Structures are given as structure tokens and as C-alpha cells.
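Visitor: mmCIF, C-alpha atoms and all ligand atoms; chains and numbers go by the auth columns, file work.cif:
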data_target
#
loop_
_atom_site.group_PDB
_atom_site.id
_atom_site.type_symbol
_atom_site.label_atom_id
_atom_site.label_comp_id
_atom_site.label_asym_id
_atom_site.label_seq_id
_atom_site.Cartn_x
_atom_site.Cartn_y
_atom_site.Cartn_z
_atom_site.B_iso_or_equiv
_atom_site.auth_seq_id
_atom_site.auth_asym_id
ATOM 1 C CA LYS A 1 13.941 37.932 5.812 0.00 67 A
ATOM 2 C CA TYR A 2 17.251 36.359 6.873 0.00 68 A
ATOM 3 C CA ARG A 3 17.189 33.151 8.880 0.00 69 A
ATOM 4 C CA GLY A 4 20.821 32.233 9.417 0.00 70 A
ATOM 5 C CA ALA A 5 23.986 34.011 10.584 0.00 71 A
ATOM 6 C CA ILE A 6 27.405 32.621 9.677 0.00 72 A
ATOM 7 C CA PHE A 7 30.292 34.088 11.656 0.00 73 A
ATOM 8 C CA ASP A 8 33.958 34.173 10.772 0.00 74 A
ATOM 9 C CA LEU A 9 36.069 33.436 13.859 0.00 75 A
ATOM 10 C CA ASP A 10 39.444 35.208 13.890 0.00 76 A
ATOM 11 C CA GLY A 11 38.840 38.945 13.986 0.00 77 A
ATOM 12 C CA VAL A 12 35.043 38.725 14.331 0.00 78 A
ATOM 13 C CA ILE A 13 34.238 36.624 17.405 0.00 79 A
ATOM 14 C CA THR A 14 37.567 37.262 19.117 0.00 80 A
ATOM 15 C CA ASP A 15 40.736 39.218 18.410 0.00 81 A
ATOM 16 C CA THR A 16 42.913 36.261 17.382 0.00 82 A
ATOM 17 C CA ALA A 17 43.708 38.157 14.151 0.00 83 A
ATOM 18 C CA ARG A 18 46.204 40.038 16.347 0.00 84 A
ATOM 19 C CA TYR A 19 47.780 36.781 17.568 0.00 85 A
ATOM 20 C CA HIS A 20 48.102 35.494 14.006 0.00 86 A
ATOM 21 C CA TYR A 21 49.911 38.731 13.155 0.00 87 A
ATOM 22 C CA GLU A 22 52.238 38.487 16.167 0.00 88 A
ATOM 23 C CA ALA A 23 53.098 34.852 15.445 0.00 89 A
ATOM 24 C CA TRP A 24 53.883 35.600 11.773 0.00 90 A
ATOM 25 C CA LYS A 25 55.883 38.666 12.822 0.00 91 A
ATOM 26 C CA ARG A 26 58.001 36.568 15.165 0.00 92 A
ATOM 27 C CA LEU A 27 58.687 34.015 12.439 0.00 93 A
ATOM 28 C CA SER A 28 59.533 36.627 9.793 0.00 94 A
ATOM 29 C CA ASP A 29 61.857 38.461 12.198 0.00 95 A
ATOM 30 C CA GLU A 30 63.693 35.182 12.798 0.00 96 A
ATOM 31 C CA LEU A 31 63.988 34.647 9.061 0.00 97 A
ATOM 32 C CA GLY A 32 65.051 38.261 8.493 0.00 98 A
ATOM 33 C CA ILE A 33 62.108 38.877 6.178 0.00 99 A
ATOM 34 C CA TYR A 34 60.280 42.208 6.107 0.00 100 A
ATOM 35 C CA PHE A 35 56.687 41.971 7.355 0.00 101 A
ATOM 36 C CA ASP A 36 54.179 44.606 8.387 0.00 102 A
ATOM 37 C CA GLU A 37 50.463 45.230 9.072 0.00 103 A
ATOM 38 C CA LYS A 38 49.821 46.000 5.415 0.00 104 A
ATOM 39 C CA ILE A 39 51.172 42.643 4.237 0.00 105 A
ATOM 40 C CA ASN A 40 49.305 41.046 7.139 0.00 106 A
ATOM 41 C CA GLU A 41 46.010 42.338 5.746 0.00 107 A
ATOM 42 C CA ARG A 42 46.472 39.945 2.806 0.00 108 A
ATOM 43 C CA LEU A 43 46.835 36.987 5.200 0.00 109 A
ATOM 44 C CA LYS A 44 43.481 37.490 6.904 0.00 110 A
ATOM 45 C CA GLY A 45 41.122 34.624 6.121 0.00 111 A
ATOM 46 C CA ILE A 46 43.872 32.866 4.115 0.00 112 A
ATOM 47 C CA GLY A 47 45.148 29.391 5.082 0.00 113 A
ATOM 48 C CA ARG A 48 48.439 28.748 6.860 0.00 114 A
ATOM 49 C CA LEU A 49 50.715 27.593 4.020 0.00 115 A
ATOM 50 C CA GLN A 50 49.262 30.109 1.603 0.00 116 A
ATOM 51 C CA SER A 51 49.891 32.862 4.167 0.00 117 A
ATOM 52 C CA LEU A 52 53.510 31.733 4.438 0.00 118 A
ATOM 53 C CA GLU A 53 53.878 31.953 0.645 0.00 119 A
ATOM 54 C CA ILE A 54 52.772 35.601 0.801 0.00 120 A
ATOM 55 C CA ILE A 55 55.354 36.331 3.516 0.00 121 A
ATOM 56 C CA LEU A 56 58.112 34.604 1.533 0.00 122 A
ATOM 57 C CA GLU A 57 57.431 36.865 -1.475 0.00 123 A
ATOM 58 C CA LYS A 58 59.671 39.408 0.323 0.00 124 A
ATOM 59 C CA SER A 59 62.590 36.968 0.490 0.00 125 A
ATOM 60 C CA LYS A 60 65.139 36.447 -2.279 0.00 126 A
ATOM 61 C CA LYS A 61 65.778 32.880 -1.151 0.00 127 A
ATOM 62 C CA GLN A 62 64.014 29.801 -2.449 0.00 128 A
ATOM 63 C CA PHE A 63 62.754 27.346 0.129 0.00 129 A
ATOM 64 C CA SER A 64 61.939 23.660 -0.202 0.00 130 A
ATOM 65 C CA MET A 65 58.520 22.293 0.679 0.00 131 A
ATOM 66 C CA GLU A 66 60.073 20.715 3.760 0.00 132 A
ATOM 67 C CA GLU A 67 61.425 24.063 4.949 0.00 133 A
ATOM 68 C CA LYS A 68 58.086 25.720 4.292 0.00 134 A
ATOM 69 C CA ARG A 69 56.260 23.107 6.354 0.00 135 A
ATOM 70 C CA TYR A 70 58.781 23.628 9.131 0.00 136 A
ATOM 71 C CA PHE A 71 58.223 27.422 9.103 0.00 137 A
ATOM 72 C CA ALA A 72 54.450 27.051 9.039 0.00 138 A
ATOM 73 C CA ASP A 73 54.616 24.619 11.980 0.00 139 A
ATOM 74 C CA LYS A 74 56.791 27.019 13.896 0.00 140 A
ATOM 75 C CA LYS A 75 54.323 29.850 13.389 0.00 141 A
ATOM 76 C CA ASN A 76 51.550 27.538 14.493 0.00 142 A
ATOM 77 C CA GLN A 77 53.434 26.676 17.702 0.00 143 A
ATOM 78 C CA TYR A 78 53.799 30.382 18.508 0.00 144 A
ATOM 79 C CA TYR A 79 50.113 30.881 17.763 0.00 145 A
ATOM 80 C CA ARG A 80 48.998 27.881 19.836 0.00 146 A
ATOM 81 C CA GLU A 81 51.020 29.158 22.763 0.00 147 A
ATOM 82 C CA MET A 82 49.159 32.491 22.560 0.00 148 A
ATOM 83 C CA ILE A 83 45.647 31.027 22.308 0.00 149 A
ATOM 84 C CA LYS A 84 46.165 28.937 25.452 0.00 150 A
ATOM 85 C CA SER A 85 45.367 31.997 27.553 0.00 151 A
ATOM 86 C CA ILE A 86 42.058 32.800 25.807 0.00 152 A
ATOM 87 C CA THR A 87 39.028 32.932 28.121 0.00 153 A
ATOM 88 C CA PRO A 88 35.340 33.977 27.713 0.00 154 A
ATOM 89 C CA LYS A 89 36.495 37.537 28.535 0.00 155 A
ATOM 90 C CA ASP A 90 38.107 37.618 25.094 0.00 156 A
ATOM 91 C CA LEU A 91 34.791 37.591 23.245 0.00 157 A
ATOM 92 C CA LEU A 92 34.637 40.839 21.240 0.00 158 A
ATOM 93 C CA PRO A 93 32.023 43.444 22.285 0.00 159 A
ATOM 94 C CA GLY A 94 28.541 42.634 20.968 0.00 160 A
ATOM 95 C CA ILE A 95 29.224 38.932 20.353 0.00 161 A
ATOM 96 C CA PRO A 96 27.619 37.512 23.548 0.00 162 A
ATOM 97 C CA GLU A 97 24.484 39.636 22.974 0.00 163 A
ATOM 98 C CA LEU A 98 24.269 38.710 19.295 0.00 164 A
ATOM 99 C CA ILE A 99 24.583 34.991 19.985 0.00 165 A
ATOM 100 C CA ARG A 100 21.955 35.167 22.714 0.00 166 A
ATOM 101 C CA GLU A 101 19.408 37.274 20.782 0.00 167 A
ATOM 102 C CA LEU A 102 19.763 35.321 17.540 0.00 168 A
ATOM 103 C CA LYS A 103 19.358 31.980 19.290 0.00 169 A
ATOM 104 C CA GLU A 104 16.360 33.217 21.289 0.00 170 A
ATOM 105 C CA ARG A 105 14.608 34.160 18.044 0.00 171 A
ATOM 106 C CA GLY A 106 15.321 30.795 16.434 0.00 172 A
ATOM 107 C CA ILE A 107 17.908 32.124 13.976 0.00 173 A
ATOM 108 C CA LYS A 108 20.442 29.427 13.082 0.00 174 A
ATOM 109 C CA ILE A 109 24.035 30.357 13.829 0.00 175 A
ATOM 110 C CA ALA A 110 27.255 28.853 12.460 0.00 176 A
ATOM 111 C CA VAL A 111 31.000 29.478 12.335 0.00 177 A
ATOM 112 C CA ALA A 112 32.980 29.379 9.059 0.00 178 A
ATOM 113 C CA SER A 113 36.688 29.638 9.824 0.00 179 A
ATOM 114 C CA ALA A 114 39.779 29.082 7.686 0.00 180 A
ATOM 115 C CA SER A 115 41.691 28.158 10.853 0.00 181 A
ATOM 116 C CA ARG A 116 42.630 24.646 11.903 0.00 182 A
ATOM 117 C CA ASN A 117 42.688 25.968 15.463 0.00 183 A
ATOM 118 C CA ALA A 118 39.060 27.093 15.392 0.00 184 A
ATOM 119 C CA PHE A 119 37.783 24.417 17.793 0.00 185 A
ATOM 120 C CA THR A 120 40.462 25.177 20.392 0.00 186 A
ATOM 121 C CA VAL A 121 39.696 28.888 20.245 0.00 187 A
ATOM 122 C CA LEU A 122 35.919 28.370 20.486 0.00 188 A
ATOM 123 C CA LYS A 123 36.382 25.949 23.367 0.00 189 A
ATOM 124 C CA ASN A 124 38.575 28.400 25.289 0.00 190 A
ATOM 125 C CA LEU A 125 36.004 31.134 24.644 0.00 191 A
ATOM 126 C CA GLY A 126 33.409 28.811 26.185 0.00 192 A
ATOM 127 C CA ILE A 127 31.022 28.997 23.211 0.00 193 A
ATOM 128 C CA SER A 128 31.698 25.846 21.183 0.00 194 A
ATOM 129 C CA ASP A 129 28.309 24.354 22.110 0.00 195 A
ATOM 130 C CA LYS A 130 26.332 27.484 21.171 0.00 196 A
ATOM 131 C CA PHE A 131 26.545 27.061 17.407 0.00 197 A
ATOM 132 C CA ASP A 132 24.314 24.900 15.241 0.00 198 A
ATOM 133 C CA TYR A 133 27.308 24.094 13.060 0.00 199 A
ATOM 134 C CA ILE A 134 31.040 24.809 12.961 0.00 200 A
ATOM 135 C CA VAL A 135 33.099 24.391 9.796 0.00 201 A
ATOM 136 C CA ASP A 136 36.861 24.871 9.766 0.00 202 A
ATOM 137 C CA ALA A 137 39.716 24.386 7.277 0.00 203 A
ATOM 138 C CA SER A 138 40.001 20.651 7.981 0.00 204 A
ATOM 139 C CA ARG A 139 36.522 19.969 6.540 0.00 205 A
ATOM 140 C CA ILE A 140 36.795 21.700 3.180 0.00 206 A
ATOM 141 C CA LYS A 141 38.957 21.647 0.039 0.00 207 A
ATOM 142 C CA LYS A 142 39.047 25.299 -0.966 0.00 208 A
ATOM 143 C CA GLY A 143 39.732 28.174 1.407 0.00 209 A
ATOM 144 C CA LYS A 144 38.468 31.769 1.255 0.00 210 A
ATOM 145 C CA PRO A 145 37.897 33.631 -1.121 0.00 211 A
ATOM 146 C CA HIS A 146 36.291 30.418 -2.439 0.00 212 A
ATOM 147 C CA PRO A 147 32.740 30.177 -1.046 0.00 213 A
ATOM 148 C CA GLU A 148 33.026 26.528 0.118 0.00 214 A
ATOM 149 C CA LEU A 149 33.321 27.325 3.861 0.00 215 A
ATOM 150 C CA PHE A 150 30.171 29.470 3.848 0.00 216 A
ATOM 151 C CA LEU A 151 28.207 27.128 1.557 0.00 217 A
ATOM 152 C CA THR A 152 29.087 24.155 3.782 0.00 218 A
ATOM 153 C CA ALA A 153 27.898 26.054 6.843 0.00 219 A
ATOM 154 C CA ALA A 154 24.589 27.011 5.185 0.00 220 A
ATOM 155 C CA GLU A 155 23.953 23.474 3.991 0.00 221 A
ATOM 156 C CA ASN A 156 24.534 22.048 7.457 0.00 222 A
ATOM 157 C CA ILE A 157 22.151 24.465 9.128 0.00 223 A
ATOM 158 C CA GLY A 158 19.595 23.538 6.480 0.00 224 A
ATOM 159 C CA LEU A 159 19.329 26.950 4.803 0.00 225 A
ATOM 160 C CA LYS A 160 19.653 28.306 1.281 0.00 226 A
ATOM 161 C CA PRO A 161 22.503 30.835 0.914 0.00 227 A
ATOM 162 C CA ASP A 162 20.140 33.709 0.066 0.00 228 A
ATOM 163 C CA VAL A 163 18.590 33.660 3.541 0.00 229 A
ATOM 164 C CA CYS A 164 22.005 33.730 5.244 0.00 230 A
ATOM 165 C CA VAL A 165 24.121 36.625 6.487 0.00 231 A
ATOM 166 C CA GLY A 166 27.917 36.216 6.632 0.00 232 A
ATOM 167 C CA ILE A 167 30.057 38.277 9.002 0.00 233 A
ATOM 168 C CA GLU A 168 33.755 38.795 8.190 0.00 234 A
ATOM 169 C CA ASP A 169 36.799 40.950 8.959 0.00 235 A
ATOM 170 C CA SER A 170 38.812 40.051 5.837 0.00 236 A
ATOM 171 C CA ALA A 171 38.544 41.019 2.176 0.00 237 A
ATOM 172 C CA ALA A 172 38.968 37.344 1.183 0.00 238 A
ATOM 173 C CA GLY A 173 36.103 36.431 3.514 0.00 239 A
ATOM 174 C CA ILE A 174 33.757 39.094 2.114 0.00 240 A
ATOM 175 C CA GLU A 175 34.467 37.790 -1.375 0.00 241 A
ATOM 176 C CA ALA A 176 33.683 34.248 -0.201 0.00 242 A
ATOM 177 C CA ILE A 177 30.354 35.378 1.297 0.00 243 A
ATOM 178 C CA LYS A 178 29.347 37.279 -1.849 0.00 244 A
ATOM 179 C CA ARG A 179 30.308 34.347 -4.091 0.00 245 A
ATOM 180 C CA ALA A 180 28.185 32.123 -1.864 0.00 246 A
ATOM 181 C CA GLY A 181 25.229 34.428 -2.624 0.00 247 A
ATOM 182 C CA MET A 182 24.765 35.717 0.924 0.00 248 A
ATOM 183 C CA PHE A 183 24.379 39.137 2.533 0.00 249 A
ATOM 184 C CA ALA A 184 27.844 40.275 3.707 0.00 250 A
ATOM 185 C CA ILE A 185 28.622 42.282 6.831 0.00 251 A
ATOM 186 C CA GLY A 186 32.201 43.558 7.049 0.00 252 A
ATOM 187 C CA VAL A 187 33.670 44.336 10.455 0.00 253 A
ATOM 188 C CA GLY A 188 36.577 46.785 10.414 0.00 254 A
ATOM 189 C CA ASP A 189 38.016 49.171 7.840 0.00 255 A
ATOM 190 C CA PHE A 190 35.611 50.428 5.171 0.00 256 A
ATOM 191 C CA GLU A 191 38.233 50.694 2.408 0.00 257 A
ATOM 192 C CA ILE A 192 39.365 47.094 2.905 0.00 258 A
ATOM 193 C CA LEU A 193 35.835 45.724 3.189 0.00 259 A
ATOM 194 C CA LYS A 194 34.005 47.903 0.658 0.00 260 A
ATOM 195 C CA LYS A 195 32.637 44.921 -1.298 0.00 261 A
ATOM 196 C CA ALA A 196 30.450 44.059 1.707 0.00 262 A
ATOM 197 C CA ASP A 197 26.740 44.982 1.753 0.00 263 A
ATOM 198 C CA MET A 198 27.208 46.665 5.119 0.00 264 A
ATOM 199 C CA VAL A 199 30.422 47.690 6.928 0.00 265 A
ATOM 200 C CA LEU A 200 30.566 48.248 10.683 0.00 266 A
ATOM 201 C CA LYS A 201 33.528 49.460 12.730 0.00 267 A
ATOM 202 C CA ASP A 202 32.786 46.738 15.287 0.00 268 A
ATOM 203 C CA LEU A 203 29.783 44.667 16.431 0.00 269 A
ATOM 204 C CA ARG A 204 28.755 46.890 19.361 0.00 270 A
ATOM 205 C CA ASP A 205 25.724 48.163 17.453 0.00 271 A
ATOM 206 C CA THR A 206 23.892 44.841 17.670 0.00 272 A
ATOM 207 C CA GLU A 207 20.540 46.481 16.825 0.00 273 A
ATOM 208 C CA LYS A 208 21.652 47.196 13.282 0.00 274 A
ATOM 209 C CA ILE A 209 22.438 43.527 12.735 0.00 275 A
ATOM 210 C CA LEU A 210 19.392 42.166 14.538 0.00 276 A
ATOM 211 C CA ARG A 211 17.129 44.310 12.332 0.00 277 A
ATOM 212 C CA LEU A 212 18.225 42.245 9.311 0.00 278 A
ATOM 213 C CA PHE A 213 16.534 39.311 11.015 0.00 279 A
ATOM 214 C CA SER A 214 13.437 41.414 11.780 0.00 280 A
ATOM 215 C CA ILE A 215 14.374 41.479 15.441 0.00 281 A
ATOM 216 C CA ASN A 216 13.660 44.779 17.159 0.00 282 A
ATOM 217 C CA VAL A 217 15.283 45.300 20.520 0.00 283 A
HETATM 218 P P1 LIG B . 45.517 28.417 11.257 0.00 301 A
HETATM 219 P P2 LIG B . 39.330 32.969 10.083 0.00 301 A
HETATM 220 C C1 LIG B . 41.920 32.426 9.469 0.00 301 A
HETATM 221 O O1 LIG B . 40.801 32.337 10.343 0.00 301 A
HETATM 222 C C2 LIG B . 42.761 33.639 9.790 0.00 301 A
HETATM 223 O O2 LIG B . 42.062 34.830 9.453 0.00 301 A
HETATM 224 C C3 LIG B . 44.038 33.605 8.994 0.00 301 A
HETATM 225 O O3 LIG B . 44.832 34.719 9.320 0.00 301 A
HETATM 226 C C4 LIG B . 44.788 32.300 9.299 0.00 301 A
HETATM 227 O O4 LIG B . 45.989 32.218 8.567 0.00 301 A
HETATM 228 C C5 LIG B . 43.875 31.135 8.948 0.00 301 A
HETATM 229 O O5 LIG B . 42.683 31.242 9.707 0.00 301 A
HETATM 230 C C6 LIG B . 44.540 29.793 9.218 0.00 301 A
HETATM 231 O O6 LIG B . 44.695 29.620 10.591 0.00 301 A
HETATM 232 O O7 LIG B . 46.961 28.641 10.990 0.00 301 A
HETATM 233 O O8 LIG B . 45.147 28.536 12.719 0.00 301 A
HETATM 234 O O9 LIG B . 45.000 27.131 10.648 0.00 301 A
HETATM 235 O O10 LIG B . 39.497 34.461 10.051 0.00 301 A
HETATM 236 O O11 LIG B . 38.830 32.379 8.778 0.00 301 A
HETATM 237 O O12 LIG B . 38.533 32.496 11.271 0.00 301 A
HETATM 238 MG MG MG B . 38.805 36.559 10.128 0.00 302 A
#
What would the structure in this file look like if it were written as C-alpha cells?
Ligand code: B16
Ligand code: MG
Guide:
Amino acid sequence: KYRGAIFDLDGVITDTARYHYEAWKRLSDELGIYFDEKINERLKGIGRLQSLEIILEKSKKQFSMEEKRYFADKKNQYYREMIKSITPKDLLPGIPELIRELKERGIKIAVASASRNAFTVLKNLGISDKFDYIVDASRIKKGKPHPELFLTAAENIGLKPDVCVGIEDSAAGIEAIKRAGMFAIGVGDFEILKKADMVLKDLRDTEKILRLFSINV
């Protein structure tokens, strides 16, 4: 039934969600602002400046736009330093098999990422030429939970949303996929991702996903 698969990047294809957390943690420690994994959950899939705004909710101080840009840049420098060391070994379990099987069966595959560093990460993972289309934050106006990223991906692989499957690790991303009118697979915690049509702990069980595309392995 389904003919296209649209992957989120951070937290689905590779574990950069952890690097985003570490970079934000370093910045918030420097600023003396409380930050933990629970607050971090709200940042997943959310753009850089908007993520900073969520972190600053815990601060009593008011910051100018200039200061905010400076903080966001700083976080991005920490993050960029971390992603330098990414190699193909950092692909999450199941991802190489999924990409291979889907492509072999003529299923279109795309990436829909809210990150402006998506191309660097995909390049370091050695898979940037595998996808039929890649859309990142620089090409759209509205980030997740708005469906624009997923709709843009579908359009550029020439498919209607209802024949596409979106794969996400964030609540904002699942909402974006559902609003786009696609089938949503959540990867991670069931409670956080319960609005998805299917939730998996990780992508190791590739069979379960491939079956949606009528592929039996
Ligand atoms: P950057 P995804 C998102 O990527 C991350 O989940 C989110 O935590 C991050 O703030 C956002 O990208 C922006 O990233 O600062 O690199 O532009 O999960 O949509 O692939
Ligand atoms: Mg993600």
C-alpha cells in the first residue's frame, strides 16, 4: 500500500539527539540555567532558536535578541564540534538494512529534518546520496509540529501524503506526520509517542516496517 518512507534524521537515522542534548546542557550550565532530559524532550524536532526559548523559560533574566542569537550560535558550535567525528558506524541499528531493502523494492525514500546541520550529518554518515530527496530547516518556513517538512518531502518524491510513512523520535515530529496525513511510526518511548500509528523501541525489527510496504523478508 505505502510507496514512500520519510525519515527524520536526529534520533532516527543516528543518535545526534544525544549530541543536541549535550550541547544544550553545556550552554545552560554556562548560563546557570536548570536543564534536564525532561525539558530536552520538548526540544526534539524543534528548531534552534525556538529550543533556546524553551531553555530560557527557566531563567528569571530577560535576554535581547542579540544575546539569544549569540547563545544559539554557541550551542551550534558545540554541536558542530561533536558531529565532526560522526562516521558510517554511527548509523542506528536497522537503518542500513531498511535503506537497502526499501530502495531495492523501488520505494522512494526521503529525509525530513528540522536541523540546519542535516547535510553535514548525512555526509559524515556516508548516506547523503542514498535518498531521493532531503529537506531540512533551510528550505521551509514552518518547523515541526507543522507538516511542511513532511509535505515538502512527499511532493518532491512525487507521492501523495496518504501513501507515505513518516518515521520520527519526537512528539512534535509525530504530530507533523499526522497533520500531513501520513502513517506515523514512532521510535522510542511509547508514552511520548502515543499519537503515532505504530511505536517501536528501535528500528532493529525491520520486518515489521517492511511489511507496511508489502515487502516480506
Ligand atoms: P540545528 P530532526 C532537529 O532535527 C532536532 O531534533 C532538534 O533537537 C534540533 O534543535 C533541530 O533539529 C535543529 O537543529 O540546531 O542543527 O539546526 O530531529 O528534525 O532531524
Ligand atoms: Mg528527531
Visitor: Could you list the protein, DNA and RNA residues that have any atom within 7 Å of ligand LIG 301 (chain A), counting only C-alpha atoms and all ligand atoms, and write them as number ranges by chain?
Guide: A: 74-77, 83, 86, 109-114, 117, 142, 178-184, 203
Visitor: Report as a PDB file with C-alpha atoms, in the coordinates of the input the residues that result from applying the PyMOL selection byres (((chain A and resi 257) around 12) and not hetatm) to the structure here.
Guide:
ATOM      1  CA  GLU A 107      46.010  42.338   5.746  1.00  0.00           C
ATOM      2  CA  ASP A 235      36.799  40.950   8.959  1.00  0.00           C
ATOM      3  CA  SER A 236      38.812  40.051   5.837  1.00  0.00           C
ATOM      4  CA  ALA A 237      38.544  41.019   2.176  1.00  0.00           C
ATOM      5  CA  GLY A 252      32.201  43.558   7.049  1.00  0.00           C
ATOM      6  CA  VAL A 253      33.670  44.336  10.455  1.00  0.00           C
ATOM      7  CA  GLY A 254      36.577  46.785  10.414  1.00  0.00           C
ATOM      8  CA  ASP A 255      38.016  49.171   7.840  1.00  0.00           C
ATOM      9  CA  PHE A 256      35.611  50.428   5.171  1.00  0.00           C
ATOM     10  CA  ILE A 258      39.365  47.094   2.905  1.00  0.00           C
ATOM     11  CA  LEU A 259      35.835  45.724   3.189  1.00  0.00           C
ATOM     12  CA  LYS A 260      34.005  47.903   0.658  1.00  0.00           C
ATOM     13  CA  LYS A 261      32.637  44.921  -1.298  1.00  0.00           C
ATOM     14  CA  ALA A 262      30.450  44.059   1.707  1.00  0.00           C
ATOM     15  CA  VAL A 265      30.422  47.690   6.928  1.00  0.00           C
ATOM     16  CA  LEU A 266      30.566  48.248  10.683  1.00  0.00           C
ATOM     17  CA  LYS A 267      33.528  49.460  12.730  1.00  0.00           C
TER      18      LYS A 267
END
Visitor: May I ask which of the residues A:Val177, A:Leu191, A:Met248, A:Leu122 is the closest one to ligand MG 302 (chain A), counting all atoms listed in the file?
Guide: A:Val177
Visitor: At what distance in Å, to one decimal, does atom CA of Gly172 of chain A lie from atom CA of Arg69 of chain A?
Guide: 8.1 Å
Visitor: Given the PyMOL selection byres (((chain A and resi 96-105) around 10) and not hetatm) and the file above, list the residues it selects as a CSV table (one decimal) with C-alpha atoms, in the frame of the given file.
Guide:
chain,number,residue,atom,x,y,z
A,84,ARG,CA,46.2,40.0,16.3
A,87,TYR,CA,49.9,38.7,13.2
A,88,GLU,CA,52.2,38.5,16.2
A,90,TRP,CA,53.9,35.6,11.8
A,91,LYS,CA,55.9,38.7,12.8
A,92,ARG,CA,58.0,36.6,15.2
A,93,LEU,CA,58.7,34.0,12.4
A,94,SER,CA,59.5,36.6,9.8
A,95,ASP,CA,61.9,38.5,12.2
A,106,ASN,CA,49.3,41.0,7.1
A,107,GLU,CA,46.0,42.3,5.7
A,108,ARG,CA,46.5,39.9,2.8
A,109,LEU,CA,46.8,37.0,5.2
A,110,LYS,CA,43.5,37.5,6.9
A,117,SER,CA,49.9,32.9,4.2
A,120,ILE,CA,52.8,35.6,0.8
A,121,ILE,CA,55.4,36.3,3.5
A,122,LEU,CA,58.1,34.6,1.5
A,123,GLU,CA,57.4,36.9,-1.5
A,124,LYS,CA,59.7,39.4,0.3
A,125,SER,CA,62.6,37.0,0.5
A,126,LYS,CA,65.1,36.4,-2.3
A,137,PHE,CA,58.2,27.4,9.1
Visitor: Let me make sure I understand: among A:Leu188, A:Ala238, A:Met131, A:Ala138, which one has the smallest atom-to-atom distance to ligand MG 302 (chain A) if we use all atoms listed in the file?
Guide: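 Residue with the minimum atom-to-atom distance to ligand MG 302 (chain A): A:Ala238.
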Visitor: Report as a PyMOL selection string the full result of the PyMOL selection byres (((chain A and resi 275) around 12) and not hetatm) when it is applied to this structure.
Guide: chain A and resi 68+70-71+160-161+163-165+167-168+231-233+249-253+263-266+268-274+276-283
Visitor: Of the candidates A:Glu214, A:Ser151, A:Val78, A:Ile72, which shows the shortest atom-to-atom distance to ligand MG 302 (chain A), using all atoms listed in the file?
Guide: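 Residue with the minimum atom-to-atom distance to ligand MG 302 (chain A): A:Val78.
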Visitor: Report the distance between atom CA of Lys208 of chain A and atom CA of Gln116 of chain A in Å, rounded to one decimal place.
Guide: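 Those two atoms sit 11.6 Å apart.
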Visitor: What separation in Å, quoted to one decimal, exists between atom CA of Lys210 of chain A and atom CA of Cys230 of chain A?
Guide: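 A separation of 17.1 Å between them.
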Visitor: Scan for residues within 9 Å of the point (33.1, 32.9, 27.0) in the coordinates of the file, using only C-alpha atoms, and reply as a PyMOL selection string.
Guide: chain A and resi 153-157+162+188-193
Visitor: Determine the nearest neighbour of ligand MG 302 (chain A) from the options A:Asp202, A:Glu170, A:Glu133, A:Glu221, counting only C-alpha atoms and all ligand atoms.
Guide: A:Asp202
Visitor: Would you place a box with edges along x, y and z of the file around all atoms of segment 228-232 of chain A listed there, add 6 Å to each of its six sides, and report the centre and edge lengths in Å to one decimal, as AutoDock Vina command-line options?
Guide:
--center_x 23.3 --center_y 35.1 --center_z 3.3 --size_x 21.3 --size_y 15.0 --size_z 18.6
Visitor: Since the input lacks some atoms of segment 159-175 of chain A, please model N, CA and C atoms and print them as a PDB file, keeping the file's coordinate frame.
Guide:
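Okay, part-v6.pdb is ready:
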ATOM      1  N   PRO A 159      33.267  42.772  21.884  1.00  0.00           N
ATOM      2  CA  PRO A 159      32.023  43.444  22.285  1.00  0.00           C
ATOM      3  C   PRO A 159      30.891  43.199  21.291  1.00  0.00           C
ATOM      4  N   GLY A 160      29.709  42.877  21.811  1.00  0.00           N
ATOM      5  CA  GLY A 160      28.541  42.634  20.968  1.00  0.00           C
ATOM      6  C   GLY A 160      28.300  41.161  20.692  1.00  0.00           C
ATOM      7  N   ILE A 161      29.356  40.352  20.712  1.00  0.00           N
ATOM      8  CA  ILE A 161      29.224  38.932  20.353  1.00  0.00           C
ATOM      9  C   ILE A 161      28.313  38.156  21.333  1.00  0.00           C
ATOM     10  N   PRO A 162      28.504  38.261  22.650  1.00  0.00           N
ATOM     11  CA  PRO A 162      27.619  37.512  23.548  1.00  0.00           C
ATOM     12  C   PRO A 162      26.144  37.871  23.356  1.00  0.00           C
ATOM     13  N   GLU A 163      25.861  39.177  23.183  1.00  0.00           N
ATOM     14  CA  GLU A 163      24.484  39.636  22.974  1.00  0.00           C
ATOM     15  C   GLU A 163      23.923  39.103  21.658  1.00  0.00           C
ATOM     16  N   LEU A 164      24.727  39.184  20.604  1.00  0.00           N
ATOM     17  CA  LEU A 164      24.269  38.710  19.295  1.00  0.00           C
ATOM     18  C   LEU A 164      23.926  37.229  19.333  1.00  0.00           C
ATOM     19  N   ILE A 165      24.824  36.432  19.908  1.00  0.00           N
ATOM     20  CA  ILE A 165      24.583  34.991  19.985  1.00  0.00           C
ATOM     21  C   ILE A 165      23.279  34.723  20.751  1.00  0.00           C
ATOM     22  N   ARG A 166      23.131  35.394  21.875  1.00  0.00           N
ATOM     23  CA  ARG A 166      21.955  35.167  22.714  1.00  0.00           C
ATOM     24  C   ARG A 166      20.663  35.553  21.989  1.00  0.00           C
ATOM     25  N   GLU A 167      20.630  36.780  21.449  1.00  0.00           N
ATOM     26  CA  GLU A 167      19.408  37.274  20.782  1.00  0.00           C
ATOM     27  C   GLU A 167      19.049  36.418  19.564  1.00  0.00           C
ATOM     28  N   LEU A 168      20.034  36.091  18.754  1.00  0.00           N
ATOM     29  CA  LEU A 168      19.763  35.321  17.540  1.00  0.00           C
ATOM     30  C   LEU A 168      19.208  33.948  17.892  1.00  0.00           C
ATOM     31  N   LYS A 169      19.823  33.315  18.883  1.00  0.00           N
ATOM     32  CA  LYS A 169      19.358  31.980  19.290  1.00  0.00           C
ATOM     33  C   LYS A 169      17.947  32.030  19.866  1.00  0.00           C
ATOM     34  N   GLU A 170      17.687  33.068  20.682  1.00  0.00           N
ATOM     35  CA  GLU A 170      16.360  33.217  21.289  1.00  0.00           C
ATOM     36  C   GLU A 170      15.270  33.318  20.239  1.00  0.00           C
ATOM     37  N   ARG A 171      15.615  33.987  19.108  1.00  0.00           N
ATOM     38  CA  ARG A 171      14.608  34.160  18.044  1.00  0.00           C
ATOM     39  C   ARG A 171      14.626  33.028  17.038  1.00  0.00           C
ATOM     40  N   GLY A 172      15.330  31.955  17.324  1.00  0.00           N
ATOM     41  CA  GLY A 172      15.321  30.795  16.434  1.00  0.00           C
ATOM     42  C   GLY A 172      16.125  30.963  15.157  1.00  0.00           C
ATOM     43  N   ILE A 173      17.024  31.958  15.131  1.00  0.00           N
ATOM     44  CA  ILE A 173      17.908  32.124  13.976  1.00  0.00           C
ATOM     45  C   ILE A 173      19.048  31.114  14.117  1.00  0.00           C
ATOM     46  N   LYS A 174      19.346  30.406  13.039  1.00  0.00           N
ATOM     47  CA  LYS A 174      20.442  29.427  13.082  1.00  0.00           C
ATOM     48  C   LYS A 174      21.780  30.169  13.041  1.00  0.00           C
ATOM     49  N   ILE A 175      22.717  29.711  13.857  1.00  0.00           N
ATOM     50  CA  ILE A 175      24.035  30.357  13.829  1.00  0.00           C
ATOM     51  C   ILE A 175      25.147  29.324  13.582  1.00  0.00           C
TER      52      ILE A 175
END
